[in-house]
file entry_2.cif (mmCIF, C-alpha atoms)
data_coords
#
loop_
_atom_site.label_atom_id
_atom_site.label_comp_id
_atom_site.auth_asym_id
_atom_site.auth_seq_id
_atom_site.Cartn_x
_atom_site.Cartn_y
_atom_site.Cartn_z
CA MET T 1 -7.98 11.43 -6.06
CA ASN T 2 -5.01 9.13 -5.49
CA LEU T 3 -5.87 7.39 -8.75
CA VAL T 4 -5.72 10.69 -10.60
CA ILE T 5 -2.29 11.44 -9.13
CA ALA T 6 -1.09 7.95 -10.01
CA THR T 7 -2.31 8.27 -13.61
CA THR T 8 -0.67 11.69 -13.92
CA ILE T 9 2.70 10.51 -12.61
CA GLU T 10 2.60 7.27 -14.59
CA LEU T 11 1.92 9.24 -17.77
CA ALA T 12 4.80 11.60 -17.04
CA ILE T 13 7.27 8.80 -16.26
CA VAL T 14 6.37 6.69 -19.30
CA THR T 15 6.48 9.75 -21.56
CA THR T 16 9.84 10.88 -20.16
CA ILE T 17 11.51 7.50 -20.66
CA LEU T 18 10.14 6.92 -24.15
CA LEU T 19 10.78 10.46 -25.28
CA LEU T 20 14.43 10.47 -24.13
CA LEU T 21 14.94 7.27 -26.14
CA LEU T 22 13.24 8.70 -29.23
CA ALA T 23 14.60 12.25 -29.05
CA THR T 24 18.24 11.30 -28.47
CA PRO T 25 18.98 9.98 -31.97
CA LEU T 26 16.96 12.81 -33.53
CA ALA T 27 18.78 15.48 -31.51
CA TRP T 28 22.15 13.87 -32.31
CA TRP T 29 21.36 13.90 -36.00
CA LEU T 30 20.19 17.53 -35.84
CA ALA T 31 23.37 18.50 -33.97
CA ARG T 32 25.82 16.66 -36.25
CA SER T 33 24.30 16.55 -39.72
CA ARG T 34 25.54 18.97 -42.36
CA ARG T 35 22.59 18.54 -44.69
CA TRP T 36 20.94 21.82 -45.56
CA TRP T 37 17.43 20.43 -45.12
CA LYS T 38 17.98 19.30 -41.55
CA GLU T 39 16.36 22.49 -40.27
CA ILE T 40 13.13 21.46 -41.98
CA ILE T 41 13.12 18.44 -39.68
CA GLY T 42 14.24 20.68 -36.82
CA ALA T 43 11.29 23.02 -37.39
CA VAL T 44 8.82 20.13 -37.59
CA ALA T 45 10.18 18.77 -34.30
CA ALA T 46 9.73 22.22 -32.72
CA LEU T 47 6.16 22.73 -34.00
CA PRO T 48 4.46 21.55 -30.79
CA LEU T 49 6.02 24.59 -29.07
CA VAL T 50 3.79 26.97 -31.00
CA LEU T 51 0.80 24.90 -32.08
CA PRO T 52 -2.34 25.04 -29.95
CA PRO T 53 -2.54 21.76 -28.01
CA THR T 54 -5.95 21.25 -29.55
CA VAL T 55 -4.35 20.93 -32.99
CA ILE T 56 -2.04 18.16 -31.78
CA GLY T 57 -4.88 16.57 -29.86
CA PHE T 58 -7.19 16.74 -32.88
CA TYR T 59 -4.82 15.03 -35.30
CA VAL T 60 -3.59 12.43 -32.85
CA LEU T 61 -7.23 11.66 -31.97
CA ILE T 62 -8.05 11.15 -35.64
CA ALA T 63 -4.92 9.07 -36.20
CA LEU T 64 -5.77 6.81 -33.27
CA GLY T 65 -9.49 6.56 -34.07
CA PRO T 66 -11.15 3.48 -35.58
CA ASP T 67 -11.32 4.95 -39.10
CA SER T 68 -7.66 5.90 -39.43
CA PRO T 69 -5.40 3.98 -41.83
CA LEU T 70 -2.89 3.68 -38.99
CA MET T 71 -5.29 1.80 -36.77
CA VAL T 72 -6.27 -0.56 -39.58
CA LEU T 73 -2.77 -1.99 -39.22
CA PHE T 74 -3.49 -2.89 -35.61
CA GLN T 75 -6.88 -4.47 -36.21
CA PRO T 76 -5.47 -7.99 -36.64
CA PHE T 77 -4.25 -7.67 -33.03
CA GLY T 78 -7.74 -6.87 -31.81
CA ILE T 79 -7.05 -3.15 -31.32
CA ARG T 80 -9.64 -0.96 -33.04
CA THR T 81 -8.84 2.38 -31.49
CA LEU T 82 -6.43 3.95 -29.05
CA ALA T 83 -8.53 7.07 -28.53
CA PHE T 84 -9.61 7.54 -24.92
CA THR T 85 -6.99 5.06 -23.64
CA PHE T 86 -3.85 5.53 -21.56
CA THR T 87 -1.73 4.41 -24.53
CA GLY T 88 -3.36 7.15 -26.58
CA LEU T 89 -2.45 9.67 -23.90
CA VAL T 90 1.17 8.55 -24.01
CA ILE T 91 1.28 8.93 -27.80
CA GLY T 92 -0.21 12.42 -27.63
CA SER T 93 2.20 13.39 -24.86
CA LEU T 94 5.18 12.23 -26.91
CA PHE T 95 4.27 14.70 -29.64
CA TYR T 96 3.34 17.46 -27.20
CA SER T 97 6.61 17.30 -25.25
CA LEU T 98 8.94 16.41 -28.12
CA PRO T 99 10.61 19.85 -28.39
CA PHE T 100 11.30 19.86 -24.66
CA ALA T 101 13.48 16.81 -25.13
CA VAL T 102 15.02 17.66 -28.50
CA GLN T 103 16.08 21.23 -27.72
CA PRO T 104 18.22 20.68 -24.59
CA LEU T 105 19.72 17.52 -26.06
CA ARG T 106 20.58 19.19 -29.34
CA THR T 107 22.17 22.16 -27.56
CA ALA T 108 24.20 19.81 -25.35
CA PHE T 109 25.33 17.68 -28.30
CA GLU T 110 26.36 20.76 -30.25
CA ALA T 111 28.40 21.96 -27.28
CA VAL T 112 30.42 18.72 -27.31
CA GLY T 113 32.12 19.91 -30.51
CA ASP T 114 34.33 17.94 -32.88
CA ARG T 115 37.49 17.74 -30.82
CA PRO T 116 36.52 15.16 -28.15
CA LEU T 117 35.01 12.94 -30.84
CA GLU T 118 38.16 13.21 -32.96
CA ILE T 119 40.35 12.40 -29.96
CA ALA T 120 38.24 9.31 -29.32
CA ALA T 121 38.31 8.26 -32.99
CA THR T 122 42.10 8.41 -33.08
CA MET T 123 42.13 6.14 -30.03
CA GLY T 124 40.17 3.55 -31.98
CA ALA T 125 36.63 4.35 -30.86
CA GLY T 126 33.95 3.75 -33.51
CA PRO T 127 30.80 5.87 -33.94
CA LEU T 128 28.61 4.13 -31.33
CA ASP T 129 31.50 3.93 -28.87
CA ARG T 130 32.16 7.67 -29.34
CA PHE T 131 28.50 8.47 -28.88
CA LEU T 132 28.01 6.39 -25.73
CA HIS T 133 31.34 7.05 -24.02
CA VAL T 134 32.14 10.60 -25.10
CA ALA T 135 29.05 12.47 -26.35
CA VAL T 136 26.59 11.14 -23.75
CA PRO T 137 28.73 11.77 -20.66
CA LEU T 138 29.67 15.22 -21.96
CA SER T 139 25.97 15.96 -22.49
CA ARG T 140 24.67 14.81 -19.12
CA ARG T 141 23.37 18.27 -18.30
CA GLY T 142 21.28 18.17 -21.45
CA PHE T 143 19.83 14.79 -20.47
CA MET T 144 18.97 16.07 -16.98
CA SER T 145 17.32 19.20 -18.36
CA ALA T 146 15.41 17.23 -20.98
CA ALA T 147 14.14 14.71 -18.42
CA ILE T 148 12.98 17.36 -15.96
CA LEU T 149 11.37 19.54 -18.63
CA VAL T 150 9.53 16.64 -20.30
CA PHE T 151 8.33 15.30 -16.96
CA ALA T 152 7.08 18.68 -15.75
CA HIS T 153 5.63 19.66 -19.12
CA THR T 154 3.73 16.37 -19.39
CA ILE T 155 2.23 16.92 -15.96
CA GLY T 156 1.24 20.40 -17.10
CA GLU T 157 -0.49 19.41 -20.32
CA PHE T 158 -4.22 19.92 -20.61
CA GLY T 159 -5.59 20.39 -24.11
CA VAL T 160 -3.98 17.31 -25.59
CA VAL T 161 -4.96 14.96 -22.75
CA LEU T 162 -8.51 16.28 -22.68
CA MET T 163 -8.98 15.72 -26.41
CA ILE T 164 -7.32 12.33 -26.64
CA GLY T 165 -8.16 10.99 -23.22
CA GLY T 166 -11.54 12.49 -22.50
CA ALA T 167 -10.74 12.63 -18.77
CA ILE T 168 -12.27 9.25 -17.99
CA PRO T 169 -12.00 8.78 -14.19
CA GLY T 170 -9.57 6.03 -13.24
CA LYS T 171 -8.32 5.68 -16.78
CA THR T 172 -7.35 8.87 -18.52
CA GLU T 173 -8.15 11.55 -15.98
CA VAL T 174 -5.10 13.55 -14.86
CA LEU T 175 -4.62 16.42 -12.43
CA SER T 176 -4.98 19.20 -14.98
CA THR T 177 -8.28 17.85 -16.32
CA ARG T 178 -9.51 17.21 -12.77
CA ILE T 179 -9.01 20.89 -11.96
CA TYR T 180 -11.08 21.83 -14.98
CA GLN T 181 -13.94 19.57 -13.91
CA LEU T 182 -13.79 20.77 -10.32
CA VAL T 183 -14.08 24.36 -11.49
CA GLU T 184 -16.93 23.46 -13.84
CA SER T 185 -18.81 22.04 -10.87
CA LEU T 186 -17.85 25.02 -8.68
CA GLN T 187 -15.75 23.00 -6.22
CA PHE T 188 -13.18 25.76 -5.82
CA GLY T 189 -11.69 24.44 -2.58
CA GLN T 190 -10.50 21.19 -4.11
CA ALA T 191 -9.41 22.95 -7.29
CA HIS T 192 -7.22 25.22 -5.15
CA GLU T 193 -5.52 22.26 -3.51
CA ILE T 194 -4.50 20.69 -6.80
CA ALA T 195 -3.62 23.97 -8.48
CA ALA T 196 -1.42 25.10 -5.60
CA GLY T 197 0.20 21.66 -5.48
CA LEU T 198 1.05 21.88 -9.17
CA ILE T 199 2.56 25.33 -8.74
CA ILE T 200 4.81 24.06 -5.95
CA PHE T 201 5.76 20.96 -7.92
CA SER T 202 6.56 22.95 -11.06
CA PHE T 203 8.64 25.43 -9.13
CA LEU T 204 10.64 22.65 -7.47
CA ALA T 205 11.22 20.93 -10.81
CA LEU T 206 12.55 24.07 -12.46
CA PHE T 207 14.59 25.02 -9.41
CA ALA T 208 16.15 21.55 -9.33
CA MET T 209 17.00 21.86 -13.00
CA LEU T 210 18.76 25.20 -12.53
CA LEU T 211 20.69 23.82 -9.55
CA ILE T 212 21.77 20.75 -11.49
CA GLU T 213 22.90 22.86 -14.42
CA ARG T 214 25.00 25.08 -12.18
CA ARG T 215 26.44 22.24 -10.12
CA ILE T 216 27.53 20.15 -13.07
CA GLY T 217 28.53 23.25 -14.97
CA GLY T 218 31.05 24.11 -12.27
CA ILE T 219 33.15 21.04 -12.99
CA ARG T 220 33.46 21.64 -16.69
CA PRO T 221 36.18 23.94 -18.04
CA MET E 1 58.37 0.37 -46.25
CA THR E 2 57.20 3.89 -46.84
CA ILE E 3 54.35 6.19 -46.12
CA ALA E 4 53.23 7.68 -49.42
CA LEU E 5 50.77 10.46 -49.82
CA ARG E 6 49.42 12.48 -52.69
CA LEU E 7 46.70 14.99 -51.93
CA ALA E 8 45.16 17.63 -54.15
CA GLY E 9 42.05 19.55 -53.32
CA LYS E 10 40.46 22.88 -52.76
CA LEU E 11 40.20 23.54 -49.03
CA GLY E 12 38.74 27.02 -49.07
CA GLU E 13 37.73 29.89 -51.28
CA ASP E 14 41.29 30.55 -52.39
CA PHE E 15 43.33 27.77 -50.84
CA MET E 16 44.49 24.79 -52.84
CA LEU E 17 46.43 21.93 -51.27
CA ASP E 18 48.69 20.04 -53.67
CA VAL E 19 51.18 17.82 -51.90
CA ALA E 20 52.96 14.57 -52.73
CA LEU E 21 55.50 12.96 -50.43
CA GLU E 22 56.99 9.61 -49.55
CA VAL E 23 58.95 8.95 -46.37
CA PRO E 24 60.31 5.81 -44.65
CA THR E 25 58.20 4.23 -41.91
CA ASP E 26 60.62 5.20 -39.22
CA GLY E 27 62.00 8.36 -37.73
CA VAL E 28 60.51 11.79 -37.30
CA THR E 29 59.36 13.85 -40.27
CA ALA E 30 58.78 17.52 -39.59
CA LEU E 31 56.17 19.38 -41.63
CA LEU E 32 57.39 22.94 -41.42
CA GLY E 33 55.58 26.01 -42.62
CA PRO E 34 53.84 29.23 -41.68
CA SER E 35 50.24 29.18 -40.50
CA GLY E 36 47.83 28.57 -43.34
CA SER E 37 50.38 26.59 -45.33
CA GLY E 38 48.35 23.37 -45.18
CA LYS E 39 50.46 21.36 -42.74
CA THR E 40 47.61 20.59 -40.36
CA SER E 41 45.44 19.63 -43.34
CA VAL E 42 48.03 17.04 -44.36
CA LEU E 43 48.16 15.68 -40.80
CA ARG E 44 44.36 15.46 -40.53
CA ALA E 45 44.16 13.67 -43.87
CA LEU E 46 46.79 11.17 -42.66
CA ALA E 47 44.65 10.52 -39.57
CA GLY E 48 41.49 10.18 -41.65
CA LEU E 49 39.84 13.09 -39.84
CA ASP E 50 39.35 14.96 -43.12
CA ARG E 51 39.00 13.65 -46.61
CA ILE E 52 40.91 15.47 -49.33
CA ASP E 53 41.04 13.97 -52.83
CA GLY E 54 44.11 11.83 -53.34
CA GLU E 55 45.86 8.69 -52.16
CA ILE E 56 47.47 7.63 -48.91
CA ARG E 57 49.39 4.40 -48.43
CA PHE E 58 51.00 3.07 -45.27
CA GLY E 59 53.44 0.39 -46.36
CA PRO E 60 51.37 -2.11 -48.35
CA GLU E 61 48.07 -0.84 -46.91
CA VAL E 62 45.89 1.57 -48.82
CA TRP E 63 44.35 4.07 -46.41
CA GLN E 64 42.74 6.18 -49.05
CA ASN E 65 42.28 6.25 -52.80
CA ALA E 66 39.40 6.95 -55.17
CA ARG E 67 37.44 3.96 -53.83
CA VAL E 68 38.83 3.35 -50.34
CA PHE E 69 38.67 5.50 -47.25
CA LEU E 70 39.79 3.89 -44.02
CA LEU E 71 38.10 5.58 -41.05
CA PRO E 72 40.37 7.10 -38.36
CA GLU E 73 39.36 4.46 -35.79
CA HIS E 74 40.70 1.76 -38.11
CA ARG E 75 44.03 3.37 -39.03
CA ARG E 76 45.71 2.85 -35.66
CA VAL E 77 47.24 6.29 -35.69
CA ALA E 78 47.55 8.54 -32.67
CA TYR E 79 47.03 12.26 -32.87
CA VAL E 80 48.36 14.86 -30.43
CA PHE E 81 46.22 17.91 -31.10
CA GLN E 82 47.14 21.54 -30.89
CA GLY E 83 45.53 22.77 -27.68
CA ILE E 84 43.18 20.44 -25.84
CA GLY E 85 44.07 16.82 -26.48
CA LEU E 86 42.30 14.98 -23.68
CA LEU E 87 38.73 13.85 -23.17
CA PRO E 88 37.44 16.54 -20.80
CA HIS E 89 35.06 14.29 -18.81
CA LEU E 90 37.76 11.81 -17.79
CA SER E 91 40.71 12.16 -15.44
CA VAL E 92 44.21 11.64 -16.82
CA ARG E 93 43.95 8.02 -15.64
CA GLY E 94 40.55 7.74 -17.35
CA ASN E 95 42.05 9.04 -20.59
CA LEU E 96 44.88 6.50 -20.44
CA ASP E 97 42.36 3.72 -19.71
CA PHE E 98 40.19 4.85 -22.63
CA ALA E 99 43.16 4.48 -24.97
CA GLU E 100 44.36 1.19 -23.52
CA ARG E 101 40.97 -0.53 -23.61
CA ARG E 102 40.63 0.07 -27.33
CA ALA E 103 44.24 -0.70 -28.25
CA ARG E 104 45.65 -3.85 -29.79
CA PRO E 105 48.71 -5.35 -28.14
CA GLY E 106 51.74 -3.19 -28.84
CA PRO E 107 55.18 -2.18 -27.67
CA PHE E 108 54.27 0.68 -25.35
CA ARG E 109 54.09 -0.29 -21.68
CA ARG E 110 51.83 1.70 -19.38
CA GLU E 111 54.26 2.13 -16.49
CA ASP E 112 57.06 3.09 -18.84
CA ILE E 113 54.96 5.66 -20.72
CA ILE E 114 53.62 7.21 -17.51
CA GLU E 115 57.17 7.63 -16.23
CA ARG E 116 58.61 8.96 -19.48
CA ALA E 117 55.79 11.44 -19.97
CA GLY E 118 56.07 12.45 -16.33
CA VAL E 119 52.36 12.12 -15.62
CA GLY E 120 52.55 9.80 -12.58
CA LYS E 121 51.47 12.54 -10.19
CA LEU E 122 48.71 13.80 -12.48
CA LEU E 123 46.70 10.59 -12.85
CA ASP E 124 43.77 11.64 -10.68
CA ARG E 125 43.47 15.17 -12.06
CA MET E 126 40.81 16.31 -14.48
CA PRO E 127 42.06 17.91 -17.71
CA ALA E 128 40.65 21.32 -16.71
CA ARG E 129 42.97 21.26 -13.68
CA LEU E 130 46.16 20.74 -15.68
CA SER E 131 48.60 23.38 -16.86
CA GLY E 132 49.31 23.60 -20.58
CA GLY E 133 52.51 21.57 -20.32
CA GLU E 134 50.92 18.92 -18.08
CA ALA E 135 47.96 18.55 -20.41
CA GLN E 136 50.24 18.13 -23.40
CA ARG E 137 52.34 15.46 -21.64
CA ALA E 138 49.17 13.60 -20.65
CA ALA E 139 47.93 13.84 -24.25
CA ILE E 140 51.20 12.34 -25.49
CA ALA E 141 50.89 9.50 -22.95
CA ARG E 142 47.32 8.67 -23.97
CA ALA E 143 48.33 8.84 -27.63
CA LEU E 144 51.12 6.29 -27.16
CA LEU E 145 49.01 3.95 -25.02
CA SER E 146 46.64 3.48 -27.94
CA GLN E 147 49.59 1.52 -29.45
CA PRO E 148 49.64 3.47 -32.72
CA ARG E 149 51.57 2.53 -35.83
CA LEU E 150 52.02 6.20 -36.64
CA LEU E 151 52.17 9.20 -34.32
CA LEU E 152 50.89 12.56 -35.57
CA MET E 153 51.71 15.69 -33.58
CA ASP E 154 50.24 19.10 -34.36
CA GLU E 155 52.30 21.89 -32.79
CA PRO E 156 52.40 20.27 -29.34
CA LEU E 157 54.48 23.15 -27.95
CA SER E 158 52.53 26.04 -29.43
CA ALA E 159 50.42 26.72 -26.32
CA LEU E 160 53.50 26.85 -24.06
CA ASP E 161 56.17 29.39 -23.45
CA GLY E 162 59.34 29.90 -21.45
CA ASP E 163 60.49 27.08 -19.20
CA ALA E 164 57.48 24.88 -19.86
CA ARG E 165 58.26 24.97 -23.55
CA ASN E 166 61.99 24.28 -23.15
CA ASN E 167 61.34 21.43 -20.71
CA LEU E 168 58.84 19.70 -22.93
CA LEU E 169 61.05 20.21 -25.97
CA ALA E 170 63.91 18.46 -24.17
CA GLN E 171 61.65 15.61 -23.05
CA LEU E 172 60.23 15.24 -26.56
CA ALA E 173 63.70 15.08 -28.05
CA VAL E 174 64.53 12.10 -25.84
CA LEU E 175 61.16 10.41 -26.34
CA LEU E 176 61.02 10.81 -30.12
CA ALA E 177 64.62 9.64 -30.55
CA ASP E 178 63.74 6.32 -28.87
CA ILE E 179 60.34 5.71 -30.29
CA GLN E 180 60.00 2.78 -32.69
CA ILE E 181 57.19 4.16 -34.82
CA PRO E 182 57.20 6.86 -37.50
CA VAL E 183 56.21 10.35 -36.40
CA PHE E 184 54.89 13.35 -38.31
CA TYR E 185 55.55 16.55 -36.42
CA VAL E 186 53.84 19.76 -37.53
CA THR E 187 55.49 23.02 -36.50
CA HIS E 188 56.16 26.54 -37.71
CA ASP E 189 59.40 26.68 -35.71
CA LEU E 190 62.60 25.83 -37.56
CA VAL E 191 64.52 25.21 -34.31
CA GLU E 192 61.97 22.66 -33.15
CA ALA E 193 62.00 20.94 -36.52
CA GLU E 194 65.80 20.65 -36.58
CA ARG E 195 66.04 19.53 -32.97
CA LEU E 196 63.36 16.82 -33.18
CA SER E 197 63.27 15.48 -36.71
CA GLU E 198 65.39 13.43 -39.09
CA ARG E 199 63.92 15.13 -42.14
CA THR E 200 62.02 18.32 -42.74
CA ILE E 201 59.42 18.99 -45.39
CA ARG E 202 58.60 22.64 -45.97
CA LEU E 203 55.12 23.69 -46.95
CA VAL E 204 54.19 27.06 -48.37
CA ASN E 205 50.70 27.93 -49.64
CA GLY E 206 49.65 24.30 -49.82
CA ARG E 207 52.68 23.13 -51.78
CA ILE E 208 56.02 21.59 -50.91
CA ALA E 209 58.64 24.30 -51.15
#
call {"tool": "encode", "arguments": {"input": "entry_2.cif", "output": "structure tokens"}}
result
Amino acid sequence: MNLVIATTIELAIVTTILLLLLATPLAWWLARSRRWWKEIIGAVAALPLVLPPTVIGFYVLIALGPDSPLMVLFQPFGIRTLAFTFTGLVIGSLFYSLPFAVQPLRTAFEAVGDRPLEIAATMGAGPLDRFLHVAVPLSRRGFMSAAILVFAHTIGEFGVVLMIGGAIPGKTEVLSTRIYQLVESLQFGQAHEIAAGLIIFSFLALFAMLLIERRIGGIRP
Amino acid sequence: MTIALRLAGKLGEDFMLDVALEVPTDGVTALLGPSGSGKTSVLRALAGLDRIDGEIRFGPEVWQNARVFLLPEHRRVAYVFQGIGLLPHLSVRGNLDFAERRARPGPFRREDIIERAGVGKLLDRMPARLSGGEAQRAAIARALLSQPRLLLMDEPLSALDGDARNNLLAQLAVLLADIQIPVFYVTHDLVEAERLSERTIRLVNGRIA
């Protein structure tokens, strides 16, 4: 049981860190670009919101399987497949939770507006300097929201992790898939414990997020 | 040395800017005109914040022509914006530090600027906690501490009225008379222009009148 909790939390932490790093430049580009086709990219990045998790799981599973052209590239390194591995779970989770990072970050970056960036530019700050020392601190609420949402959403995923990970005990089994197996084998008592625990955790995560948004919001004009 | 500028471009559905001017690199030049006359557009082009077709030279340096466009962070200009002119996440002190850390060595001394702008007591305040006049004085201080070669001011008094406006106008008159760098001062107020500037350029409908 402790191993399942550890795998679940490890997956959520790794996914949150990687996804914030990947989603930040994408969200910045979506917020600042004036190209008309940027919303095509925006819609693609939001797809996981509406797709059944099994669709994401299916394609990621195929992409990480031994016959995929992607995995052929990794064969020289002795890696034939990433299906049913922890790394595979992380990759699936990145896709699954992508919109939960991009949306709050994009909204926060858009709220920064042109003025602070122009003020910084006329004080000699270049693009990266403006991004790191003006846009990021002004968007800290967005980063907090994104981190909490991605973390909680990754803990809550089921379809994707079941398809890519196969719920192998000690390796790719997480809390949500454990519940499923407990129910399958009619162990309702244990299923209740985990399910109730996840409800409490999810509530606390969302409550914390709302508190943070209000607290930090109070300082801003 | 002169600052020379020639800009011509369509800025909106039915607004055409067509301006050419050349002024010495010292003293205050007022750009005077009603709202929508293109004065802010000229100022933003000088700063490099917007790109309008044309040429801008600062002394021997080309800031903009058909092939060259020097980015605002490389022009060493300071801009005092209409309305909010401070970074909202930093205190007044933080804003001054932000400017100073990125500045090259220059003539403006921190203690002197803080005293002249009258922001000594405001250093620990956040911009949201400043009155209009205080915010504008802090914005002028952070502009000068970036050691600019050219100061651009866009209606710095427009958000103020009554005593606050008269006080800042008096302070600006003293400050701008002493300052060793050229200044462009955008206003729609003839009294302000005459009080603060050596020369006034009138703009109407995107052209020099």
call {"tool": "interface_residues", "arguments": {"input": "entry_2.cif", "of": "chain T", "to": "chain E", "cutoff": "8 Å", "atoms": "only C-alpha atoms", "output": "PyMOL selection string"}}
result
chain T and resi 115-116+118-126+134+137-138+220-221
call {"tool": "resolve_selection", "arguments": {"input": "entry_2.cif", "expression": "the PyMOL selection byres ((chain T and resi 94) around 12)", "output": "ChimeraX atom specification"}}
result
/T:11-23,45,48,56-57,60,87-93,95-102,150-151,153-154,157,160-161
call {"tool": "closest_residue", "arguments": {"input": "entry_2.cif", "among": "E:Gly162, E:Gly54, E:Gly132, E:Gly206", "to": "Thr40 (chain E)", "atoms": "only C-alpha atoms"}}
result
E:Gly206
call {"tool": "residues_near_point", "arguments": {"input": "entry_2.cif", "point": "(35.9, 8.1, -50.1)", "cutoff": "10 Å", "atoms": "all atoms listed in the file", "output": "PyMOL selection string"}}
result
chain E and resi 51-54+64-71
call {"tool": "residues_around", "arguments": {"input": "entry_2.cif", "residues": "region 173-184 of chain T", "least_positions_apart": "2", "cutoff": "10 Å", "atoms": "all atoms listed in the file", "output": "PyMOL selection string"}}
result
chain T and resi 1+3-11+84+86+89+155-159+161-162+165-171+186-195+197-198
call {"tool": "atom_distance", "arguments": {"input": "entry_2.cif", "atom1": "CA of Leu123 (chain E)", "atom2": "CA of Val174 (chain E)"}}
result
22.1 Å
call {"tool": "residues_near_point", "arguments": {"input": "entry_2.cif", "point": "(24.7, 17.5, -16.8)", "cutoff": "10 Å", "atoms": "only C-alpha atoms", "output": "compact mmCIF listing (two decimals) with C-alpha atoms, keeping the file's coordinate frame"}}
result
# COMPACT_ATOMS: atom_id res chain seq x y z
CA ALA T 108 24.20 19.81 -25.35
CA VAL T 136 26.59 11.14 -23.75
CA PRO T 137 28.73 11.77 -20.66
CA LEU T 138 29.67 15.22 -21.96
CA SER T 139 25.97 15.96 -22.49
CA ARG T 140 24.67 14.81 -19.12
CA ARG T 141 23.37 18.27 -18.30
CA GLY T 142 21.28 18.17 -21.45
CA PHE T 143 19.83 14.79 -20.47
CA MET T 144 18.97 16.07 -16.98
CA SER T 145 17.32 19.20 -18.36
CA MET T 209 17.00 21.86 -13.00
CA ILE T 212 21.77 20.75 -11.49
CA GLU T 213 22.90 22.86 -14.42
CA ARG T 214 25.00 25.08 -12.18
CA ARG T 215 26.44 22.24 -10.12
CA ILE T 216 27.53 20.15 -13.07
CA GLY T 217 28.53 23.25 -14.97
CA ILE T 219 33.15 21.04 -12.99
CA ARG T 220 33.46 21.64 -16.69
call {"tool": "atom_distance", "arguments": {"input": "entry_2.cif", "atom1": "CA of Ile199 (chain T)", "atom2": "CA of Leu49 (chain T)"}}
result
20.6 Å
call {"tool": "atom_distance", "arguments": {"input": "entry_2.cif", "atom1": "CA of Ala27 (chain T)", "atom2": "CA of Phe109 (chain T)"}}
result
7.6 Å
call {"tool": "closest_residue", "arguments": {"input": "entry_2.cif", "among": "T:Ile200, T:Leu61, T:Met71, T:Leu132", "to": "Ala83 (chain T)", "atoms": "only C-alpha atoms"}}
result
T:Leu61
call {"tool": "residues_around", "arguments": {"input": "entry_2.cif", "residues": "Ala152 (chain T)", "least_positions_apart": "6", "cutoff": "9 Å", "atoms": "all atoms listed in the file", "output": "list in words"}}
result
Ala12, Phe201, Ser202, Ala205 and Leu206 of chain T
call {"tool": "resolve_selection", "arguments": {"input": "entry_2.cif", "expression": "the PyMOL selection byres ((chain E and resi 7-20) around 9)", "output": "ChimeraX atom specification"}}
result
/E:4-6,21-22,36-38,41-42,45,52-56,203,205-208
call {"tool": "axis_aligned_box", "arguments": {"input": "entry_2.cif", "around": "region 103-121 of chain E", "padding_each_side": "6 Å", "output": "lines of an AutoDock Vina configuration file"}}
result
center_x = 51.4
center_y = 3.6
center_z = -20.0
size_x = 26.4
size_y = 29.9
size_z = 31.6
call {"tool": "resolve_selection", "arguments": {"input": "entry_2.cif", "expression": "the PyMOL selection byres ((chain E and resi 3) around 7)", "output": "PyMOL selection string"}}
result
chain E and resi 2+4-5+22-25+57-59
